[in-house]
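Next up, target30.cif (mmCIF, C-alpha atoms):
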data_run
#
loop_
_atom_site.label_atom_id
_atom_site.label_comp_id
_atom_site.auth_asym_id
_atom_site.auth_seq_id
_atom_site.Cartn_x
_atom_site.Cartn_y
_atom_site.Cartn_z
CA MET O 92 24.81 -25.97 -196.89
CA ARG O 93 24.92 -27.28 -200.42
CA ARG O 94 27.07 -25.48 -202.95
CA SER O 95 24.10 -24.64 -205.21
CA ALA O 96 22.17 -23.12 -202.27
CA ARG O 97 25.18 -21.01 -201.28
CA PHE O 98 25.51 -19.86 -204.88
CA SER O 99 21.82 -18.91 -204.99
CA TYR O 100 22.11 -16.87 -201.77
CA ALA O 101 25.24 -15.11 -203.10
CA LEU O 102 23.46 -14.34 -206.37
CA VAL O 103 20.38 -12.93 -204.62
CA PHE O 104 22.59 -10.85 -202.30
CA THR O 105 24.59 -9.46 -205.25
CA ILE O 106 21.43 -8.54 -207.18
CA ALA O 107 19.94 -6.90 -204.07
CA MET O 108 23.12 -4.86 -203.53
CA LEU O 109 23.18 -3.75 -207.18
CA CYS O 110 19.52 -2.70 -206.99
CA PHE O 111 20.18 -0.80 -203.75
CA LEU O 112 23.13 1.04 -205.27
CA ALA O 113 21.26 1.82 -208.48
CA CYS O 114 18.20 3.05 -206.60
CA ASN O 115 20.13 5.26 -204.22
CA ASP O 116 22.50 6.83 -206.72
CA PRO O 117 25.80 6.68 -204.76
CA LEU O 118 27.14 9.73 -206.67
CA ASN O 119 24.09 11.73 -205.51
CA GLY O 120 24.39 13.64 -208.76
CA ASP O 121 27.85 14.94 -207.81
CA LEU O 122 29.69 15.64 -211.05
CA THR O 123 32.90 16.92 -209.45
CA ALA O 124 34.91 13.92 -210.63
CA VAL O 125 33.12 13.58 -213.98
CA PRO O 126 35.01 15.20 -216.87
CA ALA O 127 33.15 17.66 -219.10
CA THR O 128 32.75 16.50 -222.69
CA LYS O 129 32.98 20.07 -223.99
CA VAL O 130 33.57 23.60 -222.73
CA TYR O 131 31.29 26.35 -224.05
CA THR O 132 30.88 30.06 -223.65
CA VAL O 133 27.33 31.14 -222.78
CA GLU O 134 26.83 32.47 -226.32
CA GLN O 135 28.02 29.22 -227.92
CA LEU O 136 25.81 27.09 -225.68
CA ILE O 137 22.68 29.19 -226.29
CA SER O 138 23.36 29.29 -230.02
CA GLU O 139 24.00 25.51 -230.35
CA SER O 140 21.10 24.53 -228.09
CA SER O 141 18.69 26.85 -229.94
CA ALA O 142 19.78 25.44 -233.30
CA SER O 143 19.62 21.75 -232.40
CA LYS O 144 16.54 21.88 -230.10
CA THR O 145 17.12 18.25 -229.05
CA ILE O 146 20.17 17.00 -227.23
CA ASP O 147 21.56 13.49 -227.51
CA GLY O 148 21.61 12.01 -224.03
CA GLU O 149 22.45 14.29 -221.15
CA PRO O 150 26.07 15.31 -221.65
CA VAL O 151 28.17 16.70 -218.83
CA ILE O 152 29.42 20.03 -220.12
CA ALA O 153 31.21 23.09 -218.78
CA VAL O 154 30.13 26.65 -219.52
CA LYS O 155 31.98 29.90 -219.03
CA GLY O 156 30.06 33.11 -218.42
CA THR O 157 29.24 36.11 -216.27
CA VAL O 158 26.95 35.67 -213.27
CA HIS O 159 23.69 37.51 -213.88
CA GLU O 160 21.92 36.41 -210.72
CA ILE O 161 22.15 33.98 -207.82
CA ASN O 162 18.87 32.98 -206.20
CA ASN O 163 17.24 30.47 -203.90
CA VAL O 164 13.88 30.12 -205.66
CA ASN O 165 12.06 26.89 -204.66
CA ASP O 166 14.76 26.35 -202.01
CA ARG O 167 17.25 25.48 -204.76
CA TYR O 168 20.46 27.41 -205.20
CA THR O 169 20.58 28.58 -208.80
CA ILE O 170 23.06 30.63 -210.80
CA LEU O 171 21.93 32.41 -213.96
CA LEU O 172 24.74 33.02 -216.42
CA LYS O 173 24.63 35.62 -219.14
CA GLY O 174 26.78 36.16 -222.15
CA ASN O 175 27.98 39.34 -223.79
CA ALA O 176 25.14 39.44 -226.30
CA VAL O 177 22.18 41.65 -225.51
CA GLY O 178 19.05 39.64 -224.78
CA GLU O 179 17.15 37.93 -222.03
CA THR O 180 18.35 34.38 -222.59
CA TYR O 181 20.40 32.85 -219.82
CA VAL O 182 21.99 29.58 -218.81
CA ILE O 183 20.17 28.40 -215.68
CA CYS O 184 22.47 26.30 -213.47
CA ASP O 185 20.63 24.37 -210.76
CA MET O 186 23.42 23.82 -208.24
CA ASN O 187 24.18 20.49 -206.62
CA THR O 188 23.26 20.46 -202.93
CA ASN O 189 26.95 20.12 -201.99
CA GLN O 190 27.63 23.50 -203.66
CA ILE O 191 25.74 25.73 -201.21
CA ASN O 192 28.79 27.40 -199.68
CA THR O 193 30.51 27.78 -203.05
CA THR O 194 27.36 29.29 -204.54
CA LYS O 195 26.92 31.73 -201.66
CA ALA O 196 30.47 32.99 -202.29
CA VAL O 197 29.68 33.84 -205.93
CA LYS O 198 28.54 37.38 -206.73
CA SER O 199 26.67 38.96 -209.64
CA GLY O 200 29.16 40.08 -212.28
CA ASP O 201 31.71 37.35 -211.41
CA SER O 202 33.16 35.41 -214.31
CA ILE O 203 32.85 31.69 -213.60
CA LEU O 204 33.18 28.24 -215.14
CA VAL O 205 30.40 25.82 -214.19
CA LYS O 206 30.02 22.12 -214.97
CA GLY O 207 26.67 20.33 -215.10
CA LEU O 208 24.23 18.02 -216.87
CA LEU O 209 22.84 19.68 -219.99
CA LYS O 210 19.07 19.06 -219.99
CA GLY O 211 17.89 21.22 -222.88
CA ILE O 212 16.51 24.61 -223.75
CA LEU O 213 13.19 26.36 -223.22
CA LYS O 214 13.66 30.12 -223.23
CA ASP O 215 16.90 29.53 -221.34
CA VAL O 216 19.39 26.67 -221.39
CA ILE O 217 18.84 24.39 -218.40
CA MET O 218 21.61 22.56 -216.55
CA LEU O 219 21.23 20.43 -213.42
CA ASN O 220 23.61 19.07 -210.75
CA CYS O 221 25.96 21.99 -211.40
CA VAL O 222 29.31 22.48 -209.69
CA VAL O 223 31.51 25.56 -209.83
CA ILE O 224 34.88 24.71 -211.35
CA LYS O 225 36.53 28.10 -211.36
CA THR O 226 35.83 31.70 -210.41
CA ASP O 227 37.90 34.66 -211.63
CA MET W 153 2.80 75.73 -219.75
CA VAL W 154 5.39 73.87 -217.72
CA ARG W 155 2.62 72.19 -215.74
CA ILE W 156 0.85 71.05 -218.92
CA LEU W 157 4.11 69.63 -220.28
CA ALA W 158 4.74 67.85 -216.99
CA VAL W 159 1.24 66.28 -217.08
CA PHE W 160 1.81 65.08 -220.68
CA LEU W 161 5.23 63.69 -219.75
CA ILE W 162 3.85 61.78 -216.77
CA ALA W 163 0.96 60.45 -218.88
CA PHE W 164 3.38 59.36 -221.64
CA LEU W 165 5.70 57.61 -219.19
CA SER W 166 2.74 55.82 -217.57
CA ILE W 167 1.57 54.52 -220.96
CA SER W 168 5.12 53.40 -221.91
CA ASP W 169 5.49 51.61 -218.58
CA ALA W 170 2.17 49.79 -219.02
CA ASP W 171 3.16 48.68 -222.53
CA SER W 172 6.54 47.30 -221.48
CA ASN W 173 4.96 45.37 -218.60
CA GLU W 174 2.30 43.59 -220.65
CA LYS W 175 4.05 40.24 -220.28
CA VAL W 176 5.48 38.60 -217.20
CA ILE W 177 7.78 35.58 -217.12
CA ALA W 178 8.61 32.82 -214.63
CA ARG W 179 11.87 31.10 -215.57
CA GLN W 180 12.09 28.96 -212.46
CA GLY W 181 8.54 27.77 -211.99
CA LYS W 182 8.03 24.65 -209.92
CA VAL W 183 5.94 21.65 -210.93
CA SER W 184 5.90 18.57 -208.72
CA PHE W 185 3.95 15.36 -208.84
CA PHE W 186 3.11 12.71 -206.31
CA SER W 187 2.01 9.12 -206.74
CA HIS W 188 0.85 7.13 -203.72
CA THR W 189 0.33 3.38 -203.63
CA SER W 190 0.59 0.82 -200.86
CA VAL W 191 3.86 -0.36 -202.44
CA GLU W 192 5.66 2.98 -202.63
CA ASP W 193 5.34 6.73 -202.87
CA ILE W 194 6.92 8.45 -205.85
CA LYS W 195 7.53 12.19 -205.96
CA ALA W 196 9.52 14.38 -208.27
CA GLU W 197 9.95 18.07 -208.93
CA ASN W 198 10.98 20.27 -211.81
CA ASN W 199 12.26 23.70 -210.76
CA GLN W 200 12.99 25.18 -214.19
CA VAL W 201 9.50 25.36 -215.64
CA LEU W 202 8.94 28.29 -217.98
CA SER W 203 5.72 30.28 -217.95
CA VAL W 204 4.69 33.52 -219.60
CA ILE W 205 1.47 35.48 -219.00
CA ASP W 206 0.23 38.10 -221.43
CA LEU W 207 -1.47 40.39 -218.92
CA SER W 208 -3.50 42.33 -221.46
CA LYS W 209 -5.05 39.17 -222.95
CA GLY W 210 -5.03 36.96 -219.85
CA GLU W 211 -3.21 34.27 -221.81
CA ILE W 212 -0.87 31.88 -220.05
CA ALA W 213 1.71 29.47 -221.48
CA VAL W 214 3.70 26.87 -219.57
CA SER W 215 6.51 24.73 -220.93
CA MET W 216 8.73 22.20 -219.17
CA LEU W 217 11.48 19.76 -220.00
CA MET W 218 10.38 16.30 -218.92
CA ASN W 219 13.95 15.15 -218.30
CA ALA W 220 14.48 17.94 -215.75
CA PHE W 221 12.40 16.28 -213.02
CA ILE W 222 14.42 15.42 -209.93
CA PHE W 223 13.57 12.14 -208.20
CA GLU W 224 14.55 10.71 -204.87
CA LYS W 225 15.98 7.62 -206.55
CA ALA W 226 17.95 7.36 -209.79
CA LEU W 227 16.03 4.26 -210.85
CA MET W 228 12.71 6.12 -210.62
CA ARG W 229 14.09 8.88 -212.88
CA GLU W 230 15.31 6.27 -215.36
CA HIS W 231 11.93 4.49 -215.50
CA PHE W 232 10.08 7.81 -215.80
CA ASN W 233 12.19 9.12 -218.68
CA GLU W 234 12.85 5.92 -220.59
CA SER W 235 9.79 3.74 -220.07
CA TYR W 236 6.82 5.98 -219.23
CA ILE W 237 7.24 9.55 -220.51
CA GLU W 238 9.80 8.67 -223.23
CA SER W 239 11.42 12.06 -222.82
CA ASP W 240 13.77 11.52 -225.77
CA ILE W 241 10.72 11.31 -228.09
CA TYR W 242 8.49 13.78 -226.19
CA PRO W 243 10.94 16.15 -224.48
CA LYS W 244 8.44 18.82 -223.43
CA ALA W 245 5.04 19.17 -221.84
CA VAL W 246 3.16 22.34 -222.75
CA PHE W 247 0.06 24.12 -221.50
CA GLU W 248 -1.49 26.98 -223.47
CA GLY W 249 -4.61 28.63 -222.22
CA VAL W 250 -6.35 31.60 -220.65
CA LEU W 251 -6.95 32.78 -217.10
CA VAL W 252 -10.69 33.29 -217.21
CA ASP W 253 -11.82 36.70 -215.85
CA PHE W 254 -8.30 37.48 -214.65
CA ASP W 255 -7.89 41.11 -213.59
CA PRO W 256 -4.18 42.02 -213.74
CA ALA W 257 -4.80 45.31 -211.95
CA ALA W 258 -6.38 43.71 -208.88
CA GLN W 259 -4.08 43.63 -205.86
CA GLY W 260 -4.04 40.70 -203.45
CA GLU W 261 -5.43 37.25 -204.15
CA GLN W 262 -7.92 36.09 -206.76
CA THR W 263 -9.05 32.57 -207.58
CA ARG W 264 -9.64 31.93 -211.27
CA MET W 265 -9.95 29.05 -213.72
CA ALA W 266 -7.13 28.34 -216.15
CA LYS W 267 -8.63 26.79 -219.27
CA GLY W 268 -6.52 25.43 -222.07
CA LEU W 269 -4.78 22.61 -223.88
CA PHE W 270 -2.22 20.50 -222.07
CA THR W 271 0.07 18.36 -224.21
CA MET W 272 2.25 15.64 -222.73
CA HIS W 273 3.64 12.41 -224.17
CA GLY W 274 2.19 13.42 -227.53
CA VAL W 275 -1.38 13.55 -226.18
CA SER W 276 -3.36 16.79 -225.91
CA LYS W 277 -6.19 17.25 -223.41
CA GLN W 278 -8.41 20.20 -222.56
CA LEU W 279 -7.85 21.12 -218.94
CA GLU W 280 -9.70 23.38 -216.57
CA ILE W 281 -7.72 24.04 -213.41
CA LYS W 282 -8.50 26.23 -210.42
CA VAL W 283 -5.57 28.58 -209.80
CA LYS W 284 -4.71 31.07 -207.10
CA ILE W 285 -3.25 34.31 -208.44
CA THR W 286 -1.50 36.68 -206.06
CA ASN W 287 -0.46 40.18 -207.08
CA ASP W 288 1.61 42.21 -204.65
CA SER W 289 4.75 44.34 -204.60
CA ASN W 290 6.86 41.26 -205.47
CA GLY W 291 4.86 40.59 -208.64
CA TYR W 292 2.41 37.90 -209.70
CA VAL W 293 2.39 34.37 -208.29
CA VAL W 294 0.21 31.64 -209.80
CA SER W 295 -0.21 28.39 -207.88
CA GLY W 296 -2.53 25.42 -207.67
CA ASN W 297 -2.88 21.69 -207.95
CA PHE W 298 -4.88 19.12 -209.84
CA GLU W 299 -5.21 15.39 -210.35
CA THR W 300 -4.66 13.63 -213.64
CA LEU W 301 -5.03 10.05 -214.82
CA VAL W 302 -1.97 8.26 -216.17
CA LYS W 303 -4.06 6.44 -218.79
CA ASP W 304 -5.23 9.77 -220.30
CA TYR W 305 -1.74 10.34 -221.71
CA ASP W 306 -1.12 6.91 -223.25
CA ILE W 307 1.49 6.07 -220.65
CA ASN W 308 1.97 2.33 -220.51
CA ILE W 309 2.93 0.87 -217.17
CA PRO W 310 4.27 -2.71 -217.36
CA PRO W 311 2.01 -5.12 -215.39
CA LEU W 312 4.92 -5.95 -213.08
CA LEU W 313 5.12 -2.29 -211.95
CA ALA W 314 1.39 -1.50 -212.07
CA GLY W 315 1.15 -1.77 -208.27
CA ASN W 316 3.92 0.81 -207.80
CA ILE W 317 2.30 3.66 -209.68
CA ALA W 318 -1.02 5.28 -208.79
CA LYS W 319 -3.69 5.51 -211.48
CA SER W 320 -4.27 9.14 -210.52
CA ILE W 321 -1.30 11.46 -210.03
CA SER W 322 -1.41 14.64 -207.96
CA ILE W 323 0.31 17.65 -209.55
CA ASP W 324 1.29 20.88 -207.75
CA PHE W 325 2.60 24.02 -209.39
CA ARG W 326 3.86 27.46 -208.40
CA PHE W 327 5.15 30.20 -210.71
CA GLU W 328 6.67 33.47 -209.55
CA TYR W 329 6.65 36.04 -212.33
CA GLU W 330 8.78 39.05 -213.12
CA PRO W 331 8.42 41.67 -215.88
CA TYR W 332 9.39 40.41 -219.31
CA GLU W 333 10.39 42.17 -222.47
CA ASP W 334 10.43 40.17 -225.72
#
Re-express the file's structure as structure tokens.
Amino acid sequence: MRRSARFSYALVFTIAMLCFLACNDPLNGDLTAVPATKVYTVEQLISESSASKTIDGEPVIAVKGTVHEINNVNDRYTILLKGNAVGETYVICDMNTNQINTTKAVKSGDSILVKGLLKGILKDVIMLNCVVIKTD
Amino acid sequence: MVRILAVFLIAFLSISDADSNEKVIARQGKVSFFSHTSVEDIKAENNQVLSVIDLSKGEIAVSMLMNAFIFEKALMREHFNESYIESDIYPKAVFEGVLVDFDPAAQGEQTRMAKGLFTMHGVSKQLEIKVKITNDSNGYVVSGNFETLVKDYDINIPPLLAGNIAKSISIDFRFEYEPYED
């Protein structure tokens, strides 16, 4: 086989591998090893998100708060965090699929630290791919 | 006298209860879409869609973050957010309308039309969608599906990828509501 042909095959194979990896997201959204850019309390996060309305990129952040509710709506494990302020605004943490057992162990009223991708705010702040870092 | 007072008290509490339950909210509504072509199927779902119904007026509002759709493949999510929907410029899609002839007191299932303005990618369109409304002890559930054309929302698909994305997209939704106090 000529050197140029071998090079072409190697190039095509490399590109195909890169496409495969990019398409299939090897991390599967698991943020366990990704450091949080900032740690917030629920009140800080709601206040900052409400004020800015738009978020640059999708930062990985950590948020500390009290568990208001754990549910399995739409077959997705979700933790709703509340702050100390009175009001019906929560941080909705859509848990990563590898967090099912950890999420089941969490109870309403627990104080926890959760890391996830900050997506934005509607009535509540929305975070995806969440992982529990610490429970008290 | 005691009986009269009791009747007044019950009547007052009933009125207060009705007032506080005028609005219901779904914080974790689900909207999913599906595109089928011979090249590939693309599906995605958003499980944090917000919806509020004003029961006394029959008004419904739906709002969703476009970057909160979950795709099977990371590359699909990237194309969707960066090239098609441009979620950094148009972060939300919003529907504001009414549930025509909706009776909030009726128990069980009722099929009604939701009429209103849907805004996505900076384009607003009048929509009329058939919805199923269920009212039972767990609260109200609104669900349905409809088809929409990609070209209606000024979404440009590069010619190279035109074969991968259907011209008409199927959209499913389901919202489970709970009482809401402003």
Do you know which residues the PyMOL selection byres ((chain W) within 6 of (chain O)) returns on this file, as JSON, numbers by chain? {"W": [225, 226, 227]}
One decimal place gives the CA of Gln259 in chain W-CA of Ser208 in chain W separation as 15.7 Å
Can you pull out every residue within 12 Å of range 264-276 of chain W, counting only C-alpha atoms, but drop anything in the same chain fewer than 6 positions away, and send it as a ChimeraX atom specification? /W:205,210-218,232-256,282-286,294-298,300,302-308
Run the PyMOL selection byres ((chain O and resi 137) around 8) against the file shown and list the residues it catches, as a PDB file with C-alpha atoms, keeping the file's coordinate frame.
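What follows is the written file out-v2.pdb:
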ATOM      1  CA  VAL O 133      27.330  31.140-222.780  1.00  0.00           C
ATOM      2  CA  GLU O 134      26.830  32.470-226.320  1.00  0.00           C
ATOM      3  CA  GLN O 135      28.020  29.220-227.920  1.00  0.00           C
ATOM      4  CA  LEU O 136      25.810  27.090-225.680  1.00  0.00           C
ATOM      5  CA  SER O 138      23.360  29.290-230.020  1.00  0.00           C
ATOM      6  CA  GLU O 139      24.000  25.510-230.350  1.00  0.00           C
ATOM      7  CA  SER O 140      21.100  24.530-228.090  1.00  0.00           C
ATOM      8  CA  SER O 141      18.690  26.850-229.940  1.00  0.00           C
ATOM      9  CA  THR O 180      18.350  34.380-222.590  1.00  0.00           C
ATOM     10  CA  TYR O 181      20.400  32.850-219.820  1.00  0.00           C
ATOM     11  CA  VAL O 182      21.990  29.580-218.810  1.00  0.00           C
ATOM     12  CA  ASP O 215      16.900  29.530-221.340  1.00  0.00           C
ATOM     13  CA  VAL O 216      19.390  26.670-221.390  1.00  0.00           C
TER      14      VAL O 216
END
Provide an axis-aligned box for all listed atoms of range 205-209 of chain O, padding each side by 6 Å; report its centre and its edge lengths in Å to one decimal, as AutoDock Vina command-line options.
--center_x 26.6 --center_y 21.9 --center_z -217.1 --size_x 19.6 --size_y 19.8 --size_z 17.8
Practice problem: Please provide the set of residues having any atom within 12 Å of Ser190 in chain W, restricted to all atoms listed in the file, with same-chain residues fewer than 6 positions apart removed, written as a PyMOL selection string. | Solution: chain W and resi 314-318
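Near Phe327 in chain W, within 6 Å and counting only C-alpha atoms, sit Ala178, Gly181, Val293 and Val294 of chain W, not including residues fewer than 3 positions from it in the same chain.
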Applying 9 Å and only C-alpha atoms, which residues near range 222-227 of chain O remain after dropping the ones on its own chain fewer than 5 positions away? List them as an mmCIF file with C-alpha atoms, keeping the file's coordinate frame.
data_model
loop_
_atom_site.group_PDB
_atom_site.id
_atom_site.type_symbol
_atom_site.label_atom_id
_atom_site.label_comp_id
_atom_site.auth_asym_id
_atom_site.auth_seq_id
_atom_site.Cartn_x
_atom_site.Cartn_y
_atom_site.Cartn_z
ATOM 1 C CA ASP O 121 27.850 14.940 -207.810
ATOM 2 C CA LEU O 122 29.690 15.640 -211.050
ATOM 3 C CA THR O 123 32.900 16.920 -209.450
ATOM 4 C CA ALA O 153 31.210 23.090 -218.780
ATOM 5 C CA CYS O 184 22.470 26.300 -213.470
ATOM 6 C CA ASP O 185 20.630 24.370 -210.760
ATOM 7 C CA MET O 186 23.420 23.820 -208.240
ATOM 8 C CA ASN O 187 24.180 20.490 -206.620
ATOM 9 C CA ASN O 189 26.950 20.120 -201.990
ATOM 10 C CA GLN O 190 27.630 23.500 -203.660
ATOM 11 C CA THR O 193 30.510 27.780 -203.050
ATOM 12 C CA THR O 194 27.360 29.290 -204.540
ATOM 13 C CA VAL O 197 29.680 33.840 -205.930
ATOM 14 C CA ASP O 201 31.710 37.350 -211.410
ATOM 15 C CA SER O 202 33.160 35.410 -214.310
ATOM 16 C CA ILE O 203 32.850 31.690 -213.600
ATOM 17 C CA LEU O 204 33.180 28.240 -215.140
ATOM 18 C CA VAL O 205 30.400 25.820 -214.190
ATOM 19 C CA LYS O 206 30.020 22.120 -214.970
ATOM 20 C CA GLY O 207 26.670 20.330 -215.100
#
request  = Grab the CA of Met228 in chain W to CA of Asp193 in chain W distance for me, in Å with one decimal place.
outcome  =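 Atom-to-atom, CA of Met228 in chain W to CA of Asp193 in chain W, that is 10.7 Å.
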Need to verify the contact set: range 128-132 of chain O, 7 Å, all atoms listed in the file, exclusion of same-chain residues closer than 5 positions in sequence. Can you return it as a VMD selection string?
chain O and resid 150 to 156
Residues matched by the PyMOL selection byres ((chain W and resi 331) around 7), written as a PyMOL selection string:
chain W and resi 173+175-177+329-330+332-333
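Note that CA of Tyr100 in chain O and CA of Leu312 in chain W are 23.3 Å apart.
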Checklist line | Given all atoms listed in the file as the counted atoms, nearest of W:Ser322, W:Arg179, W:Ala220, W:Gln278 to Val204 in chain W | finding: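 Of the candidates, the smallest distance to Val204 in chain W is held by W:Arg179.
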Write range 122-135 of chain O as a short mmCIF file (atom, residue, chain, number, x, y, z; two decimals), keeping the file's coordinate frame, completed to N, CA, C and O atoms.
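Result went into part_35.cif, see below:
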data_model
loop_
_atom_site.label_atom_id
_atom_site.label_comp_id
_atom_site.auth_asym_id
_atom_site.auth_seq_id
_atom_site.Cartn_x
_atom_site.Cartn_y
_atom_site.Cartn_z
N LEU O 122 28.93 15.77 -209.81
CA LEU O 122 29.69 15.64 -211.05
C LEU O 122 31.13 16.13 -210.90
O LEU O 122 31.83 16.28 -211.90
N THR O 123 31.55 16.36 -209.66
CA THR O 123 32.90 16.92 -209.45
C THR O 123 33.97 16.10 -210.16
O THR O 123 34.87 16.67 -210.79
N ALA O 124 33.85 14.78 -210.07
CA ALA O 124 34.91 13.92 -210.63
C ALA O 124 34.63 13.52 -212.08
O ALA O 124 35.43 12.81 -212.70
N VAL O 125 33.48 13.97 -212.61
CA VAL O 125 33.12 13.58 -213.98
C VAL O 125 33.66 14.62 -214.96
O VAL O 125 33.37 15.81 -214.82
N PRO O 126 34.46 14.20 -215.94
CA PRO O 126 35.01 15.20 -216.87
C PRO O 126 33.95 15.75 -217.82
O PRO O 126 33.02 15.04 -218.22
N ALA O 127 34.07 17.03 -218.14
CA ALA O 127 33.15 17.66 -219.10
C ALA O 127 33.52 17.23 -220.51
O ALA O 127 34.70 17.15 -220.86
N THR O 128 32.49 16.94 -221.31
CA THR O 128 32.75 16.50 -222.69
C THR O 128 33.12 17.68 -223.58
O THR O 128 33.79 17.52 -224.59
N LYS O 129 32.69 18.89 -223.19
CA LYS O 129 32.98 20.07 -223.99
C LYS O 129 32.86 21.33 -223.12
O LYS O 129 32.04 21.35 -222.19
N VAL O 130 33.66 22.32 -223.45
CA VAL O 130 33.57 23.60 -222.73
C VAL O 130 33.00 24.65 -223.69
O VAL O 130 33.46 24.79 -224.82
N TYR O 131 31.95 25.33 -223.23
CA TYR O 131 31.29 26.35 -224.05
C TYR O 131 31.40 27.72 -223.40
O TYR O 131 31.56 27.83 -222.18
N THR O 132 31.21 28.75 -224.21
CA THR O 132 30.88 30.06 -223.65
C THR O 132 29.35 30.09 -223.60
O THR O 132 28.69 29.26 -224.25
N VAL O 133 28.79 31.04 -222.86
CA VAL O 133 27.33 31.14 -222.78
C VAL O 133 26.73 31.33 -224.18
O VAL O 133 25.75 30.67 -224.54
N GLU O 134 27.35 32.20 -224.97
CA GLU O 134 26.83 32.47 -226.32
C GLU O 134 26.82 31.21 -227.18
O GLU O 134 25.84 30.92 -227.87
N GLN O 135 27.94 30.45 -227.13
CA GLN O 135 28.02 29.22 -227.92
C GLN O 135 26.94 28.23 -227.50
O GLN O 135 26.29 27.61 -228.34
#
